[in-house]
>>> print(open('query04.cif').read())   # mmCIF, C-alpha atoms and all ligand atoms
data_input
#
loop_
_atom_site.label_atom_id
_atom_site.label_comp_id
_atom_site.auth_asym_id
_atom_site.auth_seq_id
_atom_site.Cartn_x
_atom_site.Cartn_y
_atom_site.Cartn_z
CA MET X 1 -7.88 -8.70 -17.48
CA ARG X 2 -10.89 -9.56 -19.68
CA HIS X 3 -9.21 -12.92 -20.20
CA GLY X 4 -8.79 -13.73 -16.51
CA CYS X 5 -5.77 -11.90 -15.12
CA ASP X 6 -5.61 -9.91 -11.94
CA THR X 7 -3.20 -7.05 -12.57
CA VAL X 8 -0.66 -4.80 -10.91
CA ILE X 9 0.05 -1.45 -12.53
CA VAL X 10 3.15 0.50 -11.50
CA SER X 11 3.89 4.10 -12.36
CA ARG X 12 5.03 7.35 -10.79
CA ASN X 13 1.76 9.16 -10.14
CA GLN X 14 -0.63 7.69 -7.56
CA GLN X 15 -3.63 9.72 -8.67
CA ARG X 16 -3.33 8.66 -12.31
CA LEU X 17 -2.76 5.08 -11.21
CA ASN X 18 -5.88 5.09 -9.05
CA GLU X 19 -7.99 6.42 -11.91
CA ALA X 20 -6.61 3.80 -14.32
CA ALA X 21 -7.06 0.97 -11.81
CA GLU X 22 -10.67 1.95 -11.17
CA LYS X 23 -11.44 1.98 -14.90
CA LEU X 24 -9.82 -1.43 -15.33
CA ARG X 25 -11.71 -2.94 -12.39
CA THR X 26 -15.02 -1.56 -13.61
CA ALA X 27 -14.47 -2.76 -17.18
CA THR X 28 -13.37 -6.28 -16.28
CA GLY X 29 -14.51 -7.23 -12.77
CA ARG X 30 -10.94 -8.30 -11.95
CA ARG X 31 -8.63 -7.05 -9.22
CA CYS X 32 -6.10 -4.32 -10.00
CA LEU X 33 -3.43 -3.21 -7.58
CA ALA X 34 -2.07 0.31 -8.25
CA LEU X 35 1.46 0.79 -6.89
CA VAL X 36 3.73 3.80 -7.11
CA GLY X 37 7.19 3.05 -8.50
CA ASP X 38 9.81 4.42 -10.87
CA VAL X 39 11.58 1.99 -13.19
CA ARG X 40 14.76 4.05 -12.70
CA GLN X 41 14.73 3.25 -8.97
CA PRO X 42 15.13 -0.50 -8.45
CA GLN X 43 14.21 -0.30 -4.76
CA THR X 44 10.72 0.98 -5.65
CA LEU X 45 10.27 -1.99 -8.01
CA ILE X 46 11.44 -4.46 -5.38
CA SER X 47 8.79 -3.05 -3.00
CA ALA X 48 6.14 -3.27 -5.74
CA VAL X 49 7.01 -6.89 -6.60
CA GLU X 50 6.95 -7.87 -2.92
CA GLU X 51 3.56 -6.20 -2.49
CA ALA X 52 2.25 -7.92 -5.63
CA LEU X 53 3.37 -11.32 -4.32
CA ARG X 54 1.83 -10.63 -0.88
CA THR X 55 -1.47 -9.79 -2.59
CA PHE X 56 -1.67 -12.35 -5.40
CA SER X 57 0.93 -15.01 -4.36
CA ARG X 58 2.16 -15.34 -7.94
CA ILE X 59 3.28 -13.43 -11.01
CA ASP X 60 2.79 -14.97 -14.47
CA ILE X 61 3.37 -12.07 -16.85
CA LEU X 62 5.57 -8.97 -16.75
CA ILE X 63 4.91 -6.21 -19.28
CA ASN X 64 7.70 -3.64 -19.55
CA ASN X 65 5.85 -0.67 -20.98
CA ALA X 66 7.47 2.36 -19.33
CA ALA X 67 8.94 4.75 -21.90
CA GLY X 68 9.84 8.38 -22.37
CA ASN X 69 9.98 10.05 -25.74
CA PHE X 70 9.82 13.34 -27.62
CA LEU X 71 11.09 14.60 -30.95
CA CYS X 72 14.51 16.25 -30.77
CA PRO X 73 17.45 16.56 -33.17
CA ALA X 74 20.54 14.74 -31.86
CA SER X 75 22.62 17.90 -31.74
CA SER X 76 19.98 19.66 -29.61
CA LEU X 77 19.55 16.82 -27.12
CA SER X 78 21.18 17.49 -23.77
CA PHE X 79 23.37 14.69 -22.41
CA ASN X 80 20.87 14.32 -19.60
CA ALA X 81 17.93 14.01 -22.03
CA PHE X 82 19.61 11.11 -23.86
CA LYS X 83 20.52 9.47 -20.55
CA THR X 84 17.02 9.93 -19.12
CA VAL X 85 15.33 8.13 -22.02
CA HIS X 86 17.84 5.26 -21.83
CA GLU X 87 17.36 5.04 -18.07
CA ILE X 88 13.58 4.77 -18.43
CA ASP X 89 13.36 2.54 -21.52
CA SER X 90 16.32 0.18 -21.54
CA MET X 91 17.58 0.25 -17.97
CA GLY X 92 14.00 0.27 -16.66
CA THR X 93 13.29 -2.86 -18.68
CA PHE X 94 16.37 -4.55 -17.27
CA ASN X 95 15.60 -3.46 -13.69
CA ALA X 96 12.04 -4.80 -13.74
CA SER X 97 13.01 -8.03 -15.53
CA LYS X 98 15.84 -8.85 -13.14
CA ILE X 99 13.73 -8.14 -10.06
CA VAL X 100 10.75 -10.21 -11.19
CA TYR X 101 13.09 -13.02 -12.29
CA GLU X 102 14.87 -13.13 -8.95
CA HIS X 103 11.70 -12.87 -6.88
CA TYR X 104 9.55 -15.32 -8.81
CA PHE X 105 10.26 -16.33 -12.44
CA ARG X 106 13.55 -18.15 -11.71
CA ASP X 107 11.64 -20.79 -9.74
CA HIS X 108 8.26 -20.72 -11.49
CA GLY X 109 8.80 -19.61 -15.09
CA GLY X 110 6.84 -16.78 -16.68
CA VAL X 111 6.51 -14.47 -19.67
CA ILE X 112 8.19 -11.09 -20.16
CA ILE X 113 6.79 -8.83 -22.87
CA ASN X 114 8.96 -5.80 -23.67
CA ILE X 115 7.21 -3.00 -25.53
CA SER X 116 9.75 -1.72 -28.05
CA ALA X 117 9.49 0.17 -31.36
CA THR X 118 10.52 0.14 -35.00
CA LEU X 119 12.32 3.52 -34.82
CA ASP X 120 15.80 2.06 -35.16
CA TYR X 121 15.02 -0.13 -38.20
CA LYS X 122 15.50 2.85 -40.51
CA GLY X 123 17.16 5.31 -38.14
CA GLN X 124 14.13 7.58 -37.68
CA VAL X 125 15.05 11.29 -37.60
CA LEU X 126 14.91 13.18 -34.27
CA GLN X 127 14.67 9.87 -32.46
CA VAL X 128 18.25 8.78 -31.69
CA HIS X 129 17.50 8.69 -27.95
CA ALA X 130 14.37 6.50 -28.13
CA GLY X 131 15.41 4.44 -31.16
CA SER X 132 18.71 3.38 -29.62
CA ALA X 133 17.03 2.70 -26.27
CA LYS X 134 14.40 0.48 -27.93
CA ALA X 135 17.10 -1.30 -29.97
CA ALA X 136 18.79 -2.12 -26.66
CA ILE X 137 15.48 -3.56 -25.44
CA ASP X 138 15.24 -5.85 -28.48
CA ALA X 139 18.81 -7.00 -27.85
CA MET X 140 17.94 -7.62 -24.20
CA THR X 141 14.95 -9.68 -25.30
CA ARG X 142 17.27 -12.06 -27.16
CA HIS X 143 19.91 -12.18 -24.41
CA LEU X 144 17.41 -12.90 -21.64
CA ALA X 145 15.44 -15.38 -23.76
CA VAL X 146 18.63 -17.40 -24.20
CA GLU X 147 19.75 -17.09 -20.60
CA TRP X 148 16.38 -17.62 -18.90
CA GLY X 149 14.81 -20.11 -21.33
CA PRO X 150 16.00 -23.04 -19.18
CA SER X 151 14.02 -21.51 -16.27
CA LYS X 152 10.89 -21.66 -18.50
CA VAL X 153 10.86 -17.91 -18.95
CA ARG X 154 9.84 -16.64 -22.38
CA VAL X 155 11.00 -13.12 -23.33
CA ILE X 156 9.47 -11.34 -26.33
CA SER X 157 9.43 -7.80 -27.74
CA LEU X 158 6.25 -6.26 -29.13
CA ALA X 159 6.86 -3.27 -31.43
CA PRO X 160 3.75 -1.16 -32.11
CA GLY X 161 3.54 1.36 -34.96
CA PRO X 162 1.35 4.49 -34.84
CA ILE X 163 -1.52 3.78 -32.41
CA VAL X 164 -4.40 6.24 -32.06
CA GLY X 165 -5.19 7.76 -28.66
CA THR X 166 -1.73 7.26 -27.17
CA GLU X 167 0.77 9.60 -25.54
CA GLY X 168 3.23 8.58 -28.25
CA MET X 169 0.93 9.83 -31.03
CA ARG X 170 0.39 13.09 -29.17
CA ARG X 171 4.10 13.70 -28.62
CA LEU X 172 5.50 12.45 -31.90
CA GLY X 173 3.43 14.36 -34.42
CA GLY X 174 0.46 12.02 -34.92
CA GLN X 175 -1.95 14.87 -35.67
CA VAL X 176 0.38 16.35 -38.28
CA ALA X 177 0.80 12.94 -39.93
CA GLU X 178 -2.96 12.47 -40.06
CA ALA X 179 -3.61 15.97 -41.43
CA ALA X 180 -0.97 15.46 -44.16
CA GLY X 181 -2.58 12.20 -45.26
CA LEU X 182 0.58 10.29 -44.37
CA TYR X 183 -1.37 7.28 -43.11
CA ASN X 184 -2.09 6.42 -46.73
CA MET X 185 1.56 5.40 -47.01
CA ILE X 186 1.03 2.62 -44.47
CA PRO X 187 0.35 -0.67 -46.30
CA LEU X 188 -2.84 -1.19 -44.24
CA GLN X 189 -3.76 2.50 -44.88
CA ARG X 190 -4.52 3.45 -41.28
CA PRO X 191 -3.04 3.75 -37.79
CA GLY X 192 -3.63 0.93 -35.33
CA ASN X 193 -5.68 0.99 -32.14
CA LYS X 194 -4.96 0.00 -28.56
CA THR X 195 -7.17 -3.10 -28.69
CA GLU X 196 -5.11 -4.48 -31.58
CA ILE X 197 -1.91 -4.11 -29.56
CA ALA X 198 -3.61 -5.66 -26.52
CA HIS X 199 -4.52 -8.66 -28.67
CA GLY X 200 -0.85 -9.04 -29.66
CA ALA X 201 0.21 -8.97 -26.01
CA LEU X 202 -2.55 -11.43 -25.14
CA PHE X 203 -1.33 -13.84 -27.82
CA LEU X 204 2.31 -13.59 -26.72
CA ALA X 205 1.44 -14.10 -23.05
CA SER X 206 -0.90 -17.01 -23.72
CA PRO X 207 -0.19 -20.72 -24.23
CA LEU X 208 -0.85 -20.13 -27.96
CA ALA X 209 2.66 -18.65 -28.03
CA ALA X 210 4.20 -21.34 -25.81
CA TYR X 211 7.07 -21.94 -28.28
CA VAL X 212 7.76 -18.25 -29.02
CA THR X 213 10.72 -16.55 -27.36
CA GLY X 214 13.60 -14.18 -28.14
CA THR X 215 11.88 -12.46 -31.03
CA THR X 216 9.98 -9.26 -31.85
CA LEU X 217 6.37 -9.11 -32.98
CA VAL X 218 5.97 -5.96 -35.09
CA MET X 219 2.38 -4.66 -35.06
CA ASP X 220 2.41 -1.60 -37.30
CA GLY X 221 0.28 -2.34 -40.35
CA GLY X 222 3.54 -2.62 -42.31
CA SER X 223 4.30 1.03 -41.55
CA TRP X 224 8.06 0.91 -40.99
CA MET X 225 8.69 -0.60 -44.42
CA THR X 226 6.95 2.14 -46.41
CA SER X 227 6.82 5.31 -44.29
CA PRO X 228 9.53 7.82 -45.21
CA ASN X 229 11.70 9.74 -42.74
CA TYR X 230 9.65 12.95 -42.41
CA LEU X 231 12.59 15.30 -41.69
CA GLN X 232 10.93 18.66 -42.34
CA ALA X 233 7.57 17.69 -40.80
CA SER X 234 9.36 16.31 -37.72
CA LEU X 235 11.47 19.46 -37.39
CA ASP X 236 8.28 21.56 -37.59
CA VAL X 237 6.65 19.54 -34.80
CA TRP X 238 9.81 19.82 -32.71
CA SER X 239 10.00 23.62 -33.11
CA SER X 240 6.32 24.14 -32.35
CA GLN X 241 6.54 21.95 -29.22
CA LYS X 242 9.68 23.80 -28.15
CA LYS X 243 7.90 27.14 -28.52
CA ALA X 244 4.89 25.85 -26.55
CA ASN X 245 7.17 24.70 -23.69
CA GLN X 246 9.06 28.01 -23.46
N1 LIG D 301 13.05 17.88 -25.84
C1 LIG D 301 14.35 17.90 -25.47
N2 LIG D 301 14.79 17.58 -24.20
C2 LIG D 301 13.83 17.23 -23.33
C3 LIG D 301 12.45 17.20 -23.64
C4 LIG D 301 12.07 17.55 -24.98
N3 LIG D 301 10.78 17.55 -25.36
N4 LIG D 301 11.76 16.82 -22.54
C5 LIG D 301 12.68 16.65 -21.57
N5 LIG D 301 13.92 16.88 -22.04
C6 LIG D 301 15.16 16.83 -21.28
C7 LIG D 301 15.13 17.79 -20.12
O1 LIG D 301 15.45 19.10 -20.52
C8 LIG D 301 16.19 17.17 -19.21
O2 LIG D 301 17.48 17.47 -19.63
P1 LIG D 301 18.34 18.68 -18.92
O3 LIG D 301 18.48 18.30 -17.48
O4 LIG D 301 19.65 18.67 -19.65
O5 LIG D 301 17.56 19.94 -19.13
C9 LIG D 301 16.03 15.67 -19.45
O6 LIG D 301 15.35 15.54 -20.70
C10 LIG D 301 15.20 14.98 -18.37
O7 LIG D 301 13.96 15.63 -18.30
P2 LIG D 301 13.12 15.70 -16.93
O8 LIG D 301 11.86 16.42 -17.21
O9 LIG D 301 14.00 16.22 -15.85
O10 LIG D 301 12.94 14.15 -16.62
P3 LIG D 301 11.64 13.38 -16.23
O11 LIG D 301 12.07 12.10 -15.66
O12 LIG D 301 10.72 14.19 -15.40
O13 LIG D 301 10.93 13.17 -17.64
C11 LIG D 301 10.74 12.48 -19.89
C12 LIG D 301 11.24 12.14 -18.49
C13 LIG D 301 11.67 13.54 -20.42
C14 LIG D 301 10.83 11.30 -20.80
C15 LIG D 301 9.30 13.03 -19.85
O14 LIG D 301 8.93 13.51 -21.11
C16 LIG D 301 8.29 11.97 -19.41
O15 LIG D 301 8.33 11.51 -18.29
N6 LIG D 301 7.32 11.60 -20.27
C17 LIG D 301 6.23 10.68 -19.93
C18 LIG D 301 6.25 9.43 -20.65
C19 LIG D 301 6.35 9.55 -22.14
O16 LIG D 301 7.15 10.29 -22.68
N7 LIG D 301 5.55 8.81 -22.85
C20 LIG D 301 5.55 8.81 -24.29
C21 LIG D 301 6.14 7.56 -24.82
S1 LIG D 301 6.10 7.56 -26.60
#
>>> encode(input="query04.cif", output="structure tokens", more="lines below")
Ligand code: COA
Amino acid sequence: MRHGCDTVIVSRNQQRLNEAAEKLRTATGRRCLALVGDVRQPQTLISAVEEALRTFSRIDILINNAAGNFLCPASSLSFNAFKTVHEIDSMGTFNASKIVYEHYFRDHGGVIINISATLDYKGQVLQVHAGSAKAAIDAMTRHLAVEWGPSKVRVISLAPGPIVGTEGMRRLGGQVAEAAGLYNMIPLQRPGNKTEIAHGALFLASPLAAYVTGTTLVMDGGSWMTSPNYLQASLDVWSSQKKANQ
């Protein structure tokens, strides 16, 4: 928005959306439409896209950012838990992409940025649900880039590493990693921040990336290449979260 976009944000909770939209408007002076929708329910996305087009007359960029995650060993995951994460992450990405393509991008072109992850690169422990869902997103990025390229639609994945101040860090043991000094194992020796990820998305959405499609931009300070699979630490976080939720 600081670089000239008006924005539509879509999520499940109207109150949280309103608060976020107000912050964004105040910080940037741009318009922000806050619409309730669930990526698992295509009809809610169709309504949101129609409302966005009524308000702004065009859509240039779609960011598929909805995700659900928590640490859990595969054998303790319920079938519904695995399905839920896939429905939000991978199917949600497909639902939103197809709807925006059919309503606008097919005739006008556009950019789709799918927020994915590096979890599947090494088979991160306690993350089979999210890692496999994000791997499906990266595959979808390539499929749709090939299929929709002729319609002037670019499709790209952006895979962040550990980013401070995010729900992901809170849920996936960020505090434990920090306390244990594990960030020193990251080649750049620190977690990333939200502004750095925003800059990646800005680059991918902008004309500077006009010839980029069907690939993944990893923004993790080199983390996935050097960070070990923290089995015991992850199990400890999982058990303490489980106790807290009981
Ligand atoms: N560990 C194991 N299973 C879990 C879990 C956890 N921490 N949290 C939820 N589940 C299971 C539930 O038990 C349920 O399975 P069940 O019916 O067999 O009991 C299933 O996942 C669905 O959970 P539910 O709470 O009914 O679904 P929801 O749509 O309300 O929530 C989640 C979806 C689970 C992803 C929820 O954590 C969420 O919405 N999170 C917000 C977004 C987020 O996670 N952001 C971080 C991204 S890194």
>>> atom_distance(input="query04.cif", atom1="atom CA of His199 of chain X", atom2="atom C11 of ligand LIG 301 (chain D)")
27.5 Å
>>> residues_near_ligand(input="query04.cif", ligand="ligand LIG 301 (chain D)", cutoff="6 Å", atoms="only C-alpha atoms and all ligand atoms", output="list in words")
Ala67, Gly68, Asn69, Phe70, Cys72, Leu77, Ser78, Asn80, Ala81, Thr84, Val85, Glu167 and Gly168 of chain X
>>> write_last_selection(input="query04.cif", atoms="C-alpha atoms", output="short mmCIF file (atom, residue, chain, number, x, y, z; two decimals), in the frame of the given file")
data_model
loop_
_atom_site.label_atom_id
_atom_site.label_comp_id
_atom_site.auth_asym_id
_atom_site.auth_seq_id
_atom_site.Cartn_x
_atom_site.Cartn_y
_atom_site.Cartn_z
CA ALA X 67 8.94 4.75 -21.90
CA GLY X 68 9.84 8.38 -22.37
CA ASN X 69 9.98 10.05 -25.74
CA PHE X 70 9.82 13.34 -27.62
CA CYS X 72 14.51 16.25 -30.77
CA LEU X 77 19.55 16.82 -27.12
CA SER X 78 21.18 17.49 -23.77
CA ASN X 80 20.87 14.32 -19.60
CA ALA X 81 17.93 14.01 -22.03
CA THR X 84 17.02 9.93 -19.12
CA VAL X 85 15.33 8.13 -22.02
CA GLU X 167 0.77 9.60 -25.54
CA GLY X 168 3.23 8.58 -28.25
#
>>> atom_distance(input="query04.cif", atom1="atom CA of Thr195 of chain X", atom2="atom CA of Met219 of chain X")
11.6 Å
>>> axis_aligned_box(input="query04.cif", around="segment 48-57 of chain X", padding_each_side="8 Å", output="lines of an AutoDock Vina configuration file")
center_x = 2.7
center_y = -9.1
center_z = -3.7
size_x = 24.7
size_y = 27.7
size_z = 21.7
>>> closest_residue(input="query04.cif", among="X:Ala117, X:Ile59, X:Val128, X:Ala180", to="Ser157 of chain X", atoms="all atoms listed in the file")
X:Ala117
>>> residues_near_point(input="query04.cif", point="(11.9, 16.1, -34.2)", cutoff="9 Å", atoms="all atoms listed in the file", output="ChimeraX atom specification")
/X:70-73,125-127,172-173,231-239
>>> atom_distance(input="query04.cif", atom1="atom CA of Val176 of chain X", atom2="atom CA of Leu119 of chain X")
17.9 Å
>>> residues_near_point(input="query04.cif", point="(4.8, -10.1, -28.6)", cutoff="7 Å", atoms="only C-alpha atoms", output="list of chain:residue names")
X:Ile113, X:Ile156, X:Ser157, X:Leu158, X:Gly200, X:Ala201, X:Leu204, X:Thr216, X:Leu217
>>> closest_residue(input="query04.cif", among="X:Val100, X:Met1, X:Leu202, X:Ala20", to="Ser47 of chain X", atoms="only C-alpha atoms")
X:Val100
>>> closest_residue(input="query04.cif", among="X:Glu87, X:Arg190, X:Gln14, X:Arg30", to="Arg2 of chain X", atoms="all atoms listed in the file")
X:Arg30
>>> residues_around(input="query04.cif", residues="Val146 of chain X", least_positions_apart="6", cutoff="12 Å", atoms="only C-alpha atoms", output="list in words")
Ala139, Met140, Lys152, Val153, Arg154, Val155, Ile156, Val212, Thr213, Gly214 and Thr215 of chain X
>>> residues_around(input="query04.cif", residues="Pro42 of chain X", least_positions_apart="5", cutoff="9 Å", atoms="only C-alpha atoms", output="PyMOL selection string")
chain X and resi 37+47+92+95-96+99
>>> write_last_selection(input="query04.cif", atoms="C-alpha atoms", output="short mmCIF file (atom, residue, chain, number, x, y, z; two decimals), in the frame of the given file")
data_model
loop_
_atom_site.label_atom_id
_atom_site.label_comp_id
_atom_site.auth_asym_id
_atom_site.auth_seq_id
_atom_site.Cartn_x
_atom_site.Cartn_y
_atom_site.Cartn_z
CA GLY X 37 7.19 3.05 -8.50
CA SER X 47 8.79 -3.05 -3.00
CA GLY X 92 14.00 0.27 -16.66
CA ASN X 95 15.60 -3.46 -13.69
CA ALA X 96 12.04 -4.80 -13.74
CA ILE X 99 13.73 -8.14 -10.06
#
